[in-house]
Amino acid sequence: MPKLNIINIGKTGVGKSTIINAVFGKKEMAKTGIGTPVTQYSKPYSIPDSPITIYDTKGLETGGLATKQTQEDFYGLIRKQNSSPDTDNYIHIC
């Protein structure tokens, strides 16, 4: 089965990390919290023998320079992954 790479993007506190834990059936694979942002940088999560990798990302805030920088970080990760000659490294779904 080919690789499937997903980048998980959304506002702070909407459950991006929780979804990763649910998909992989692991309670604490991606660290989660209540109230304050937990994920501070993009990080890939996968389990052995699974074709799926999900990239957890820092949450989007409402407006301001922080959101612009976070968006640039997303675009940079996507550009980096999609510049590989191997399409297994591409970000396939956002």
# chains A, B, ... in the order shown; residues from 1 in each chain; ligands from 1

call {"tool": "closest_atom_pairs", "arguments": {"of": "segment 36-70 of chain A", "to": "segment 16-28 of chain A", "cutoff": "9 Å", "atoms": "only C-alpha atoms", "output": "Markdown table"}}
result
| residue | atom | partner | partner_atom | distance |
| --- | --- | --- | --- | --- |
| A:Val38 | CA | A:Ser17 | CA | 8.9 |
| A:Thr39 | CA | A:Ser17 | CA | 7.9 |
| A:Tyr45 | CA | A:Ile20 | CA | 7.7 |
| A:Ser46 | CA | A:Phe24 | CA | 7.7 |
| A:Ile47 | CA | A:Phe24 | CA | 7.4 |
| A:Ile54 | CA | A:Ile20 | CA | 6.9 |
| A:Tyr55 | CA | A:Ile20 | CA | 8.6 |
| A:Asp56 | CA | A:Ser17 | CA | 6.3 |
| A:Thr57 | CA | A:Lys16 | CA | 7.8 |
| A:Gly59 | CA | A:Lys16 | CA | 8.3 |

call {"tool": "write_last_selection", "arguments": {"atoms": "N, CA and C atoms", "output": "PDB file, in the first residue's frame"}}
result
ATOM      1  N   VAL A  38      -0.397  23.149  23.304  1.00  0.00           N
ATOM      2  CA  VAL A  38       0.603  22.143  23.665  1.00  0.00           C
ATOM      3  C   VAL A  38       1.622  21.979  22.541  1.00  0.00           C
ATOM      4  N   THR A  39       1.153  21.790  21.312  1.00  0.00           N
ATOM      5  CA  THR A  39       2.044  21.558  20.170  1.00  0.00           C
ATOM      6  C   THR A  39       2.675  22.879  19.738  1.00  0.00           C
ATOM      7  N   TYR A  45       3.786  11.773  13.091  1.00  0.00           N
ATOM      8  CA  TYR A  45       3.441  10.610  13.915  1.00  0.00           C
ATOM      9  C   TYR A  45       3.041   9.465  13.002  1.00  0.00           C
ATOM     10  N   SER A  46       3.540   8.275  13.316  1.00  0.00           N
ATOM     11  CA  SER A  46       3.158   7.065  12.583  1.00  0.00           C
ATOM     12  C   SER A  46       3.425   5.882  13.499  1.00  0.00           C
ATOM     13  N   ILE A  47       2.926   4.726  13.089  1.00  0.00           N
ATOM     14  CA  ILE A  47       3.222   3.502  13.820  1.00  0.00           C
ATOM     15  C   ILE A  47       3.837   2.510  12.833  1.00  0.00           C
ATOM     16  N   ILE A  54       0.803  11.178  10.116  1.00  0.00           N
ATOM     17  CA  ILE A  54       0.041  12.407  10.334  1.00  0.00           C
ATOM     18  C   ILE A  54       0.971  13.420  10.994  1.00  0.00           C
ATOM     19  N   TYR A  55       1.050  14.599  10.395  1.00  0.00           N
ATOM     20  CA  TYR A  55       1.857  15.682  10.945  1.00  0.00           C
ATOM     21  C   TYR A  55       0.977  16.534  11.847  1.00  0.00           C
ATOM     22  N   ASP A  56       1.327  16.574  13.127  1.00  0.00           N
ATOM     23  CA  ASP A  56       0.653  17.460  14.071  1.00  0.00           C
ATOM     24  C   ASP A  56       1.300  18.831  13.934  1.00  0.00           C
ATOM     25  N   THR A  57       0.517  19.882  14.061  1.00  0.00           N
ATOM     26  CA  THR A  57       1.045  21.230  13.860  1.00  0.00           C
ATOM     27  C   THR A  57       0.618  22.167  14.984  1.00  0.00           C
ATOM     28  N   GLY A  59      -1.183  25.263  16.588  1.00  0.00           N
ATOM     29  CA  GLY A  59      -2.512  25.778  16.293  1.00  0.00           C
ATOM     30  C   GLY A  59      -2.503  27.172  15.704  1.00  0.00           C
TER      31      GLY A  59
END

call {"tool": "atom_distance", "arguments": {"atom1": "atom CA of Tyr41 of chain A", "atom2": "atom CA of Asp73 of chain A"}}
result
8.6 Å

call {"tool": "residues_around", "arguments": {"residues": "Thr67 of chain A", "least_positions_apart": "6", "cutoff": "12 Å", "atoms": "only C-alpha atoms", "output": "list in words"}}
result
Ile9, Gly10, Lys11, Thr12, Lys58, Gly59, Leu60, Glu61, Asp73 and Phe74 of chain A

call {"tool": "select_by_dssp", "arguments": {"residues": "segment 2-37 of chain A", "states": "helix (DSSP H, G or I)", "output": "PyMOL selection string"}}
result
chain A and resi 16-24

call {"tool": "write_last_selection", "arguments": {"atoms": "N, CA and C atoms", "output": "compact mmCIF listing (two decimals), in the first residue's frame"}}
result
# COMPACT_ATOMS: atom_id res chain seq x y z
N LYS A 16 -6.55 18.69 17.37
CA LYS A 16 -5.66 18.13 16.34
C LYS A 16 -4.85 16.95 16.88
N SER A 17 -4.24 17.13 18.03
CA SER A 17 -3.44 16.05 18.63
C SER A 17 -4.33 14.89 19.08
N THR A 18 -5.50 15.21 19.59
CA THR A 18 -6.45 14.17 20.03
C THR A 18 -6.86 13.29 18.86
N ILE A 19 -7.06 13.88 17.69
CA ILE A 19 -7.41 13.10 16.49
C ILE A 19 -6.28 12.13 16.14
N ILE A 20 -5.05 12.57 16.24
CA ILE A 20 -3.91 11.70 15.95
C ILE A 20 -3.93 10.50 16.88
N ASN A 21 -4.13 10.75 18.17
CA ASN A 21 -4.20 9.65 19.13
C ASN A 21 -5.34 8.69 18.81
N ALA A 22 -6.49 9.23 18.40
CA ALA A 22 -7.64 8.38 18.06
C ALA A 22 -7.38 7.54 16.81
N VAL A 23 -6.78 8.14 15.79
CA VAL A 23 -6.51 7.41 14.54
C VAL A 23 -5.58 6.23 14.80
N PHE A 24 -4.55 6.46 15.61
CA PHE A 24 -3.58 5.41 15.86
C PHE A 24 -3.92 4.54 17.08

call {"tool": "select_by_dssp", "arguments": {"residues": "chain A", "states": "strand (DSSP E or B)", "output": "number ranges by chain"}}
result
A: 4-8, 11, 43-45, 52-56, 60, 93

call {"tool": "decode", "arguments": {"residues": "segment 48-74 of chain A", "atoms": "C-alpha atoms", "output": "mmCIF file, in the first residue's frame"}}
result
data_model
loop_
_atom_site.group_PDB
_atom_site.id
_atom_site.type_symbol
_atom_site.label_atom_id
_atom_site.label_comp_id
_atom_site.auth_asym_id
_atom_site.auth_seq_id
_atom_site.Cartn_x
_atom_site.Cartn_y
_atom_site.Cartn_z
ATOM 1 C CA PRO A 48 5.303 0.620 12.433
ATOM 2 C CA ASP A 49 3.810 -1.191 9.447
ATOM 3 C CA SER A 50 1.224 1.547 8.868
ATOM 4 C CA PRO A 51 1.253 3.472 5.575
ATOM 5 C CA ILE A 52 -0.136 6.562 7.343
ATOM 6 C CA THR A 53 1.855 9.465 8.775
ATOM 7 C CA ILE A 54 0.041 12.407 10.334
ATOM 8 C CA TYR A 55 1.857 15.682 10.945
ATOM 9 C CA ASP A 56 0.653 17.460 14.071
ATOM 10 C CA THR A 57 1.045 21.230 13.860
ATOM 11 C CA LYS A 58 0.979 24.312 16.010
ATOM 12 C CA GLY A 59 -2.512 25.778 16.293
ATOM 13 C CA LEU A 60 -3.691 28.761 14.316
ATOM 14 C CA GLU A 61 -4.512 31.811 16.375
ATOM 15 C CA THR A 62 -6.903 34.539 15.310
ATOM 16 C CA GLY A 63 -5.019 37.148 13.267
ATOM 17 C CA GLY A 64 -1.666 38.741 13.975
ATOM 18 C CA LEU A 65 1.922 37.956 13.106
ATOM 19 C CA ALA A 66 1.910 34.634 14.986
ATOM 20 C CA THR A 67 -0.716 33.252 12.611
ATOM 21 C CA LYS A 68 1.221 34.487 9.580
ATOM 22 C CA GLN A 69 4.405 32.807 10.850
ATOM 23 C CA THR A 70 2.539 29.580 11.632
ATOM 24 C CA GLN A 71 1.056 29.551 8.124
ATOM 25 C CA GLU A 72 4.524 30.071 6.634
ATOM 26 C CA ASP A 73 5.757 27.136 8.718
ATOM 27 C CA PHE A 74 2.980 24.948 7.216
#
